[in-house]
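To start, the structure itself, in C-alpha cells.
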Protein chains: 2
Amino acid sequence: MQEKIEQLKTLLHEIHDLGAASAVLEWDQQVNMPRGAAEDRGEQSATLSQIVHIKSTSDELGKLLDELNEHAQTLDKDSDDARLIKVARRHFDKNTKVTGKWVSAFAKETAVAQSVWEEARATDNFELFRPHLEKLVDLRKEYAEFFKPYDHVYDPLLDDFEPGMKTAEVQQIFSDLKKEQVELIQELSQQPQVDNSFLFLEYDGDGQLEFGKKVITDFGYDWNHGRQDISVHPFTTSFGLNDVRITTKIVPDFLSPCLFGTFHECGHALYEQGIAKKYNRTPLADGASMAIHESQSRMWENLIGRSKPFWKRYYKDLQAIFPNQLGNIDLETFYKGINKVEPSLIRIEADEATYNLHIMLRLEMEIGLMEGSINARDAAEVWKEKFKAYLGIVPPDNKDGVLQDVHWSSGLFGYFPTYALGNLVSSQLWEKMLEDNPAASQQVEAGDFSKILGWYREHVHQFGAKFEPQELVMKITGQKINAAPFMRYLKSKFGEVYGL
Amino acid sequence: MQEKIEQLKTLLHEIHDLGAASAVLEWDQQVNMPRGAAEDRGEQSATLSQIVHIKSTSDELGKLLDELNEHAQTLDKDSDDARLIKVARRHFDKNTKVTGKWVSAFAKETAVAQSVWEEARATDNFELFRPHLEKLVDLRKEYAEFFKPYDHVYDPLLDDFEPGMKTAEVQQIFSDLKKEQVELIQELSQQPQVDNSFLFLEYDGDGQLEFGKKVITDFGYDWNHGRQDISVHPFTTSFGLNDVRITTKIVPDFLSPCLFGTFHECGHALYEQGIAKKYNRTPLADGASMAIHESQSRMWENLIGRSKPFWKRYYKDLQAIFPNQLGNIDLETFYKGINKVEPSLIRIEADEATYNLHIMLRLEMEIGLMEGSINARDAAEVWKEKFKAYLGIVPPDNKDGVLQDVHWSSGLFGYFPTYALGNLVSSQLWEKMLEDNPAASQQVEAGDFSKILGWYREHVHQFGAKFEPQELVMKITGQKINAAPFMRYLKSKFGEVYGL
C-alpha cells in the first residue's frame, strides 16, 4: 500500500507543480507583465488549466484513490496519509462531478461577464450587467445540482471555500452576530466622531513601503522564501511552501491601504510559510479554508496592527518617516483615527465594526438568489433595501452598490461569508492564544512577535489543509466557529475608542 | 488538409504555451525568485519539461506530420504552411530520435557537472571537473550517433543551433578568417595603446540604467511588449511574440557591461518583437538560428553602439548623467576607449577584434574532442597551447582558462561557433543594408533608427524561423555566410582607431 501512496503523491506532485506554474503566470500578470502581452498570457494560462483539469480528473488518479479508499480505513483517521487520501478524494470528486460542458460554459460566461461588469460599473449601468448576473446564478444553480443530495442549495457553493461547512451553520452564526453588531454601531454613532483627516495627507510611497517592510520583518515574514511587490489589487500567492509572495499598493494621499494591507497580506503569508514542509507539493500544502486563512490576515492586520500596544511600539518609527504629516499628531489621536467607525458604502473600505454587515447583506442575497426568493433582475433594488436596513444609508447609485465587487461577475458565489467568518475566527483563536500566552500584549508592545507566531504555527499553520475549518477551530478552542469572542472584542475595543 | 494543418497548429500552440510557461518560470528564477525557493522551482520546471517532451514526441503529432508530409509537397515550398510543417517535422525528428534513456542520463550528468564545475572554477581545480568533461563528451558522441548518417560527427551538434549548417562550412569560414584576424591584431599591438581608464570609475547604477533605457527606446524597443530587469547574467527571453523581456546587470565601477549589454540584449529583443505575429505560438516564432540572432544583438551593440556616429549623438547625454566621470573626457578619447583592443583571457570581456579568436579556439577543441583527436583529460593543457597560438598569451591558471565558460558543464557543445558566425553575419547584413539605405550613418548620428530597424524588420525579423540561416543570408545578400565583410569592417574601424 505504501507503494500506492507514493504513486498518489507522484500524481499529486505533478498537479501541484502545474498549479504552481499557473500561479507564477498569474503573479507575473498582476505584477510585471507588459500590457500588450495579455492575450498571449490568457492562452498560456488556459493551456495550463486544461492540462491541470485533465490530470486532476484522470482515470489513473481515480483508480488509485479507489484502491486507497479501503486502505485509508485501516489507518489512524488523523494520520497524514489518511488525511491526504481524504482531501485528494474530495478534490477528485468535486472535479469529476462537474461536467466538462458546464466548466466550459462557466468559463465563457465569466470571461464575458467580467468585462461587461467593468463597463457596467464604470457607467453605473446595472441593466447592462443584469442578464449576466441572471445567467451566472442559473449556472451556479446547475453547479449545485451536481452535488445532490444536499441539505441546502447553497451548501455546495460554500463547501468550495469552507470544506464541510453547511449553510445552516453560517446562518446561525450570522443571526447571532447581526443583532449585537447593529446595536453596537448605533451606540457608537451617538458618540462624538473621531478625526482621521491626517491619514489623507501626502505620504511618500517609499516611506510607506519601508515602514511596512520593517513591521512584517518583525512579524516574522521570511524573505528567504518570499518577496513583496506592487500590484493594483494586493494579494498573497504561493508557488509551493518555499515561495510565498505578497503584494501591496500605494495610495499617495491615504496612509492606510499600504500599511494595513501589508500587515494583512503578511498574515496570509505567515500561514503558508508555516505549513509543515512535509506537505509540500500536495493538496495539504494549503490553508484549511478561506475563513481560517482570513482569520490569520485579519489577526495581524487588526488584532495586532490596529491595537494600542502595537502603536505604542511602532508609532515613533512611523512619525520618524513622516515627521511633517504625523509630528504633531499624538499617539492617542492616531490610534483613534485608524479605528474610526463609520457606516460607508464600500466593503473594502469598511472599518472593523461595520465590515461584517457588508458581508451579511451579500450572504442573504446569495442565498436568496440560489433559493429563488430573490430574482437576479431585482438585485439592484434588493441591495438598496438591505443596505438601508443593515447600515442605515441608501447607496445613491449602483456602481457603489450592487456593482461594487468583482466576485459575482467572476462567478464567485459562496466566497463572501468567509470574510466575516475569518473575523470571527480571528477573535476565537486570539482568546485561546491569550490563555496560553497571557503576556502577548506586552510582547507586541516590545515588538517581539515570536511567541505569538509560535503559537499560531503550533496550533494552526503547521496542519495546512489537513483538518476542515470547524474541526480545526474545535480542536483548538473546544468550540465551533461562533460570534461571541468577536463581539466581546468589538465592544471592548470600540467602547474604549469611543468612550462608551 | 486545411483541417489537418489546423490540428497541427493546435498541438503546436499547446507545446508553445507550455514552453512559454517554462520560460516565465526561468525568467522569474533569474530575476525575482527568493533563494529558498530553488528546489521547488526545479521540480516545477522539471514537471513542465517532462510534459513538453511527452507532447513534442506524441504519436498524435507524429501521425499528423506523416499525413501532412505528402500535402506539403503540393504546396509552394516557401509558403508559411510548407515551412511550418518542415520546421515542426525537424523538431519532431530531433526529439524522437534521441532515446529517453539518453535524455535522462544527460539531464542527470549536466545537473551534477554544473555544480562540480562551479566548485572547480572557484578552486581552480581542473582535475575535479575532468571526469565530468569526459562523461559529457562521451554523451555528446552518443548523441551524434542518433543522427547517423552524418558527414561529420560534429554536424548533429551544430545543427541544434544552426539548422542545416555543416561543420565543413564553419571550418572553411573560420580558416578564411583566422589568418587575417591574427595579422590585424599583431599590427594593432604595435601601435600606441589607447586609454580606457575612465570606464572604470564609480558610475551610479540608476544613471547607467537611465541612459540605456533612453537609447534602446530610440532603437525601437517596444515597452508595451517587453520590460527590462536586473539579473546576474544578462539575457533575453520571450513568452510568445508579445512579451519579449531583457535583463541587464550593473557593475558600479565599470561602465561598459550595463551600457553595451543593454544594447546587445535589445538587439535580440528587437528581432523577436519583429517576427510576424501570424507565426505566434508556433515553432516559426523564433530566430532563424543562434548566429542570426547574435548578428542582431552584435549589430546594435557594436556596429551601431560602438560607432562614431552613435556617440556623436549620444555622448553629450551620457556626459550629462556622469559629469564628474566624463566631463573632461572628449568624444574622441571616449570613442577610442570603448574600442580598445587588447588580447585578454576572458571571452566575455573580449573586444571586437579579438573576440572571434576565443571562439575559434573553442571550436577547434570541440571538434577535436568529438573526433577523438583531443582527449578530454588533456583539455586544460590543450587550451593553454591553443591560447598562446591564437592570442599570444598563456593563461596562468585553469579557472580563467578551460574552466571559464559555463557551456561545457551544461553539455552545450556546438553553441560557441554561433557567437563568431553572428559577428560575421552582422557585417554581411550591414553592408547590404547600407546599399539600400546609404544615409544610415547620418540617421544614427541623428538618433533616428527607424529606417535601419525597418530594413531588418523587412529582410530578417519578420521571417522568424521560416528559413535556415544560410538560406536567409543567401536570400538577402546573394552570398553564403562568409568572413570578408567582417574583416573589412574590423580593418577599417580599428585601422582608424589605432591610426594604421
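Chain labels A, B, ... are given in the sequence in which chains occur in the C-alpha cells; within each chain residues are numbered consecutively from 1, and ligands are likewise numbered from 1 in the order shown.
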Excluding region 29-38 of chain B and residues on its chain fewer than 2 positions from it, collect all residues at most 7 Å away from it, counting only C-alpha atoms, and give them as a PyMOL selection string. (chain A and resi 224-227+242-243) or (chain B and resi 25-27+40-42+229-231)
Next, the residues of the selection above should be written as a CSV table (one decimal), in the first residue's frame with C-alpha atoms.
```csv
chain,number,residue,atom,x,y,z
A,224,ASN,CA,14.3,34.0,2.0
A,225,HIS,CA,11.1,32.3,1.0
A,226,GLY,CA,9.1,35.2,-0.2
A,227,ARG,CA,9.1,38.8,-1.6
A,242,ASN,CA,9.0,27.8,-0.1
A,243,ASP,CA,8.0,30.8,-2.2
B,25,LEU,CA,9.5,30.3,-14.6
B,26,GLU,CA,13.1,30.6,-15.7
B,27,TRP,CA,12.9,34.4,-16.1
B,40,ASP,CA,10.7,23.7,-5.6
B,41,ARG,CA,11.3,25.7,-8.7
B,42,GLY,CA,13.5,22.9,-10.0
B,229,ASP,CA,15.1,43.9,-15.2
B,230,ILE,CA,18.3,43.2,-13.4
B,231,SER,CA,19.9,39.7,-13.3
```
What lies within 10 Å of Asn69 (chain B) using only C-alpha atoms, ignoring chain neighbours under 3 positions off, as a ChimeraX atom specification? /B:63-66,72-74,82,85-86,89
Those same residues - N, CA and C atoms - I'd like them written as a JSON list (two decimals), in the first residue's frame.
```
[["chain", "number", "residue", "atom", "x", "y", "z"],
["B", 63, "LYS", "N", 1.82, 11.23, -36.28],
["B", 63, "LYS", "CA", 0.86, 10.77, -37.29],
["B", 63, "LYS", "C", 0.40, 11.95, -38.16],
["B", 64, "LEU", "N", 0.12, 13.04, -37.51],
["B", 64, "LEU", "CA", -0.33, 14.23, -38.22],
["B", 64, "LEU", "C", 0.75, 14.73, -39.17],
["B", 65, "LEU", "N", 1.99, 14.73, -38.71],
["B", 65, "LEU", "CA", 3.09, 15.19, -39.56],
["B", 65, "LEU", "C", 3.28, 14.24, -40.74],
["B", 66, "ASP", "N", 3.09, 12.94, -40.51],
["B", 66, "ASP", "CA", 3.17, 11.99, -41.61],
["B", 66, "ASP", "C", 2.09, 12.28, -42.66],
["B", 72, "ALA", "N", 2.48, 18.62, -48.00],
["B", 72, "ALA", "CA", 3.48, 19.68, -48.06],
["B", 72, "ALA", "C", 4.15, 19.74, -49.44],
["B", 73, "GLN", "N", 4.27, 18.55, -50.09],
["B", 73, "GLN", "CA", 4.89, 18.51, -51.43],
["B", 73, "GLN", "C", 4.07, 19.29, -52.45],
["B", 74, "THR", "N", 2.77, 19.40, -52.21],
["B", 74, "THR", "CA", 1.90, 20.07, -53.18],
["B", 74, "THR", "C", 1.89, 21.59, -52.95],
["B", 82, "ALA", "N", 3.98, 25.20, -45.68],
["B", 82, "ALA", "CA", 5.02, 24.22, -46.01],
["B", 82, "ALA", "C", 6.20, 24.34, -45.05],
["B", 85, "ILE", "N", 5.32, 23.04, -41.53],
["B", 85, "ILE", "CA", 5.36, 21.57, -41.48],
["B", 85, "ILE", "C", 6.82, 21.11, -41.43],
["B", 86, "LYS", "N", 7.67, 21.74, -42.25],
["B", 86, "LYS", "CA", 9.07, 21.34, -42.31],
["B", 86, "LYS", "C", 9.78, 21.55, -40.97],
["B", 89, "ARG", "N", 8.43, 19.22, -38.35],
["B", 89, "ARG", "CA", 8.97, 17.88, -38.63],
["B", 89, "ARG", "C", 10.40, 17.76, -38.10]]
```
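Nearest residue to chain A among B:Glu162, B:Asp204, B:Asp76, B:Asp28 is B:Asp28, counting only C-alpha atoms.
The residue that comes closest to chain B, out of A:Ile292, A:Met1, A:Ile51, A:Leu68 and on the basis of only C-alpha atoms, is A:Ile51.
With only C-alpha atoms as the basis for measurement, A:Ser409 is the residue among A:Ile5, A:Ser409, A:Phe334, A:Asp124 that approaches Ala111 (chain A) most closely.
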Fewer than 6 positions away in the same chain doesn't count, so skip those; otherwise give me all residues within 10 Å of Lys97 (chain A), counting only C-alpha atoms, as a PyMOL selection string. chain A and resi 57+143+145-147
Expressed in Å, the length from CA of Phe494 (chain B) to CA of Glu445 (chain B) is 19.6 Å
Show which residues sit within 8 Å of Lys166 (chain B), as a ChimeraX atom specification. Count only C-alpha atoms, and ignore same-chain residues fewer than 3 positions away. /B:151-152,155,158-159,169-170
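With only C-alpha atoms as the atoms that count, the residue of A:Gln404, A:Ser450, A:Gln190, A:Gln50 with the shortest distance to Glu118 (chain A) is A:Gln404.
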Region 264-499 of chain B: which residues are helix (DSSP H, G or I) by DSSP, as a PyMOL selection string? chain B and resi 264-273+277-279+290-304+308-321+323-326+331-337+347-349+355-371+376-391+408-410+416-436+440-445+450-459+461-463+469-477+484-497
Selection export as a compact mmCIF listing (two decimals), in the first residue's frame, atoms kept: C-alpha atoms:
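Okay, this is what ended up in again_8.txt:
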```txt
# COMPACT_ATOMS: atom_id res chain seq x y z
CA HIS B 264 23.12 43.78 -27.05
CA GLU B 265 20.04 42.30 -25.38
CA CYS B 266 17.87 44.92 -27.04
CA GLY B 267 19.19 43.67 -30.37
CA HIS B 268 17.99 40.16 -29.55
CA ALA B 269 14.65 41.55 -28.40
CA LEU B 270 14.11 43.69 -31.50
CA TYR B 271 14.48 40.53 -33.56
CA GLU B 272 11.81 38.66 -31.59
CA GLN B 273 9.50 41.66 -31.40
CA LYS B 277 2.59 37.93 -35.48
CA LYS B 278 0.95 35.31 -37.68
CA TYR B 279 3.67 32.89 -36.52
CA MET B 290 21.61 31.39 -32.90
CA ALA B 291 24.04 33.03 -35.36
CA ILE B 292 21.31 35.11 -36.97
CA HIS B 293 20.12 36.07 -33.50
CA GLU B 294 23.62 37.03 -32.49
CA SER B 295 24.04 39.04 -35.68
CA GLN B 296 21.21 41.26 -34.48
CA SER B 297 22.50 41.72 -30.95
CA ARG B 298 26.05 42.40 -32.11
CA MET B 299 24.81 44.84 -34.72
CA TRP B 300 23.09 47.09 -32.18
CA GLU B 301 25.87 46.60 -29.64
CA ASN B 302 28.87 47.11 -31.91
CA LEU B 303 28.13 48.30 -35.44
CA ILE B 304 25.86 50.97 -34.04
CA LYS B 308 31.47 57.22 -34.00
CA PRO B 309 28.15 58.49 -35.43
CA PHE B 310 26.27 56.97 -32.50
CA TRP B 311 28.43 58.70 -29.92
CA LYS B 312 28.36 61.97 -31.78
CA ARG B 313 24.65 61.95 -30.97
CA TYR B 314 24.61 60.34 -27.51
CA TYR B 315 27.87 61.21 -25.80
CA LYS B 316 26.60 64.55 -24.55
CA ASP B 317 23.63 62.74 -22.93
CA LEU B 318 25.96 60.33 -21.18
CA GLN B 319 28.20 63.17 -20.07
CA ALA B 320 25.18 64.98 -18.65
CA ILE B 321 24.39 61.96 -16.47
CA PRO B 323 29.61 64.93 -15.46
CA ASN B 324 32.21 64.07 -12.81
CA GLN B 325 33.43 60.98 -14.57
CA LEU B 326 33.20 62.08 -18.22
CA LEU B 331 34.38 62.39 -27.59
CA GLU B 332 37.45 61.13 -29.41
CA THR B 333 39.05 59.79 -26.23
CA PHE B 334 35.80 58.15 -25.18
CA TYR B 335 35.30 56.57 -28.59
CA LYS B 336 38.81 55.15 -28.64
CA GLY B 337 38.47 53.95 -25.07
CA ARG B 347 35.94 35.63 -23.74
CA ILE B 348 33.03 37.65 -22.44
CA GLU B 349 35.30 40.62 -21.75
CA TYR B 355 36.56 38.01 -29.71
CA ASN B 356 36.42 35.59 -32.61
CA LEU B 357 39.81 34.11 -31.69
CA HIS B 358 38.36 32.94 -28.39
CA ILE B 359 35.64 31.21 -30.36
CA MET B 360 37.94 29.56 -32.89
CA LEU B 361 39.94 28.03 -30.09
CA ARG B 362 36.77 26.55 -28.58
CA LEU B 363 35.53 25.28 -31.93
CA GLU B 364 38.84 23.53 -32.62
CA MET B 365 38.71 21.94 -29.21
CA GLU B 366 35.10 20.82 -29.54
CA ILE B 367 35.73 19.27 -32.93
CA GLY B 368 38.87 17.61 -31.61
CA LEU B 369 37.03 16.24 -28.61
CA MET B 370 34.23 14.86 -30.76
CA GLU B 371 36.60 13.42 -33.36
CA ALA B 376 39.09 15.41 -22.58
CA ARG B 377 41.66 14.57 -19.93
CA ASP B 378 44.16 16.82 -21.73
CA ALA B 379 41.75 19.70 -22.23
CA ALA B 380 43.48 22.07 -19.80
CA GLU B 381 46.87 21.70 -21.49
CA VAL B 382 45.48 21.87 -25.00
CA TRP B 383 43.65 25.05 -24.02
CA LYS B 384 46.87 26.71 -22.93
CA GLU B 385 48.74 25.74 -26.10
CA LYS B 386 45.99 26.98 -28.37
CA PHE B 387 45.51 30.15 -26.37
CA LYS B 388 49.16 31.01 -26.84
CA ALA B 389 48.88 30.34 -30.56
CA TYR B 390 45.75 32.43 -31.04
CA LEU B 391 46.16 35.28 -28.56
CA TRP B 408 30.57 22.59 -21.47
CA SER B 409 29.41 21.87 -17.96
CA SER B 410 25.84 22.38 -19.22
CA PHE B 416 30.25 28.50 -29.37
CA PRO B 417 30.71 28.91 -33.14
CA THR B 418 27.39 30.74 -33.35
CA TYR B 419 28.93 33.70 -31.48
CA ALA B 420 31.58 34.20 -34.13
CA LEU B 421 29.22 33.45 -37.01
CA GLY B 422 26.93 36.10 -35.56
CA ASN B 423 29.70 38.66 -35.80
CA LEU B 424 30.33 37.76 -39.42
CA VAL B 425 26.65 37.85 -40.36
CA SER B 426 26.18 41.20 -38.64
CA SER B 427 28.69 42.78 -41.04
CA GLN B 428 27.34 40.95 -44.06
CA LEU B 429 23.82 42.20 -43.45
CA TRP B 430 25.05 45.67 -42.53
CA GLU B 431 26.86 46.08 -45.86
CA LYS B 432 23.69 45.09 -47.66
CA MET B 433 21.61 47.43 -45.50
CA LEU B 434 23.98 50.28 -46.39
CA GLU B 435 23.46 49.62 -50.09
CA ASP B 436 19.72 50.04 -49.63
CA ALA B 440 22.37 55.10 -42.31
CA SER B 441 25.32 56.84 -40.63
CA GLN B 442 23.60 60.19 -40.75
CA GLN B 443 20.45 58.60 -39.34
CA VAL B 444 22.42 57.11 -36.45
CA GLU B 445 24.05 60.48 -35.83
CA SER B 450 13.57 53.82 -37.86
CA LYS B 451 14.88 53.19 -41.39
CA ILE B 452 17.60 50.85 -40.13
CA LEU B 453 15.20 48.88 -37.94
CA GLY B 454 12.68 48.89 -40.78
CA TRP B 455 15.23 47.31 -43.11
CA TYR B 456 15.99 44.50 -40.66
CA ARG B 457 12.30 44.02 -39.95
CA GLU B 458 11.64 43.59 -43.66
CA HIS B 459 14.61 41.43 -44.56
CA HIS B 461 12.95 39.73 -38.43
CA GLN B 462 9.56 39.13 -39.97
CA PHE B 463 10.51 35.67 -41.24
CA PRO B 469 20.42 30.58 -41.61
CA GLN B 470 22.43 30.02 -44.80
CA GLU B 471 19.25 30.29 -46.85
CA LEU B 472 18.33 33.56 -45.21
CA VAL B 473 21.75 35.15 -45.64
CA MET B 474 21.83 33.99 -49.26
CA LYS B 475 18.34 35.36 -49.88
CA ILE B 476 19.32 38.76 -48.50
CA THR B 477 22.90 39.18 -49.67
CA ALA B 484 35.03 39.11 -45.86
CA PRO B 485 32.61 41.88 -44.80
CA PHE B 486 33.52 41.43 -41.15
CA MET B 487 37.24 41.68 -41.89
CA ARG B 488 36.63 44.81 -43.99
CA TYR B 489 34.75 46.26 -41.05
CA LEU B 490 37.45 45.38 -38.49
CA LYS B 491 40.27 46.74 -40.64
CA SER B 492 38.50 49.95 -41.40
CA LYS B 493 37.32 50.64 -37.89
CA PHE B 494 40.38 49.63 -35.91
CA GLY B 495 42.72 50.98 -38.54
CA GLU B 496 41.17 54.35 -37.79
CA VAL B 497 41.09 53.93 -34.01
```
With only C-alpha atoms as the atoms that count, which of A:Leu61, A:Ile481, A:Leu403, A:Ala465 lies nearest to Asn125 (chain A)? A:Leu403
Just the residues within 12 Å of Ser256 (chain A), please, counting only C-alpha atoms, with nothing from its chain fewer than 4 positions along; format it as a PyMOL selection string. chain A and resi 196-203+205+208-209+211-212+248-252+260-264+301-302+305-306+334+337-340+348-351
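With only C-alpha atoms as the basis for measurement, A:Leu241 is the residue among A:Leu255, A:Val137, A:Ala105, A:Leu241 that approaches chain B most closely.
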From a DSSP calculation on the backbone, collect every residue of region 242-447 of chain B in strand (DSSP E) and output the set as an NGL selection string. :B and (244-248)
Keeping N, CA and C atoms, export the residues of the selection given above as a JSON list (two decimals), in the first residue's frame.
```
[["chain", "number", "residue", "atom", "x", "y", "z"],
["B", 244, "VAL", "N", 8.53, 40.17, -24.83],
["B", 244, "VAL", "CA", 9.95, 39.88, -25.06],
["B", 244, "VAL", "C", 10.76, 40.72, -24.07],
["B", 245, "ARG", "N", 11.33, 40.04, -23.09],
["B", 245, "ARG", "CA", 11.96, 40.75, -21.98],
["B", 245, "ARG", "C", 13.48, 40.68, -22.03],
["B", 246, "ILE", "N", 14.10, 41.72, -21.54],
["B", 246, "ILE", "CA", 15.56, 41.73, -21.47],
["B", 246, "ILE", "C", 15.99, 41.98, -20.03],
["B", 247, "THR", "N", 17.20, 41.56, -19.72],
["B", 247, "THR", "CA", 17.78, 41.90, -18.42],
["B", 247, "THR", "C", 19.15, 42.51, -18.65],
["B", 248, "THR", "N", 19.62, 43.18, -17.63],
["B", 248, "THR", "CA", 20.96, 43.73, -17.70],
["B", 248, "THR", "C", 21.59, 43.60, -16.32]]
```
Between CA of Leu188 (chain A) and CA of Leu345 (chain A), what is the distance in Å, rounded to a tenth? 17.7 Å
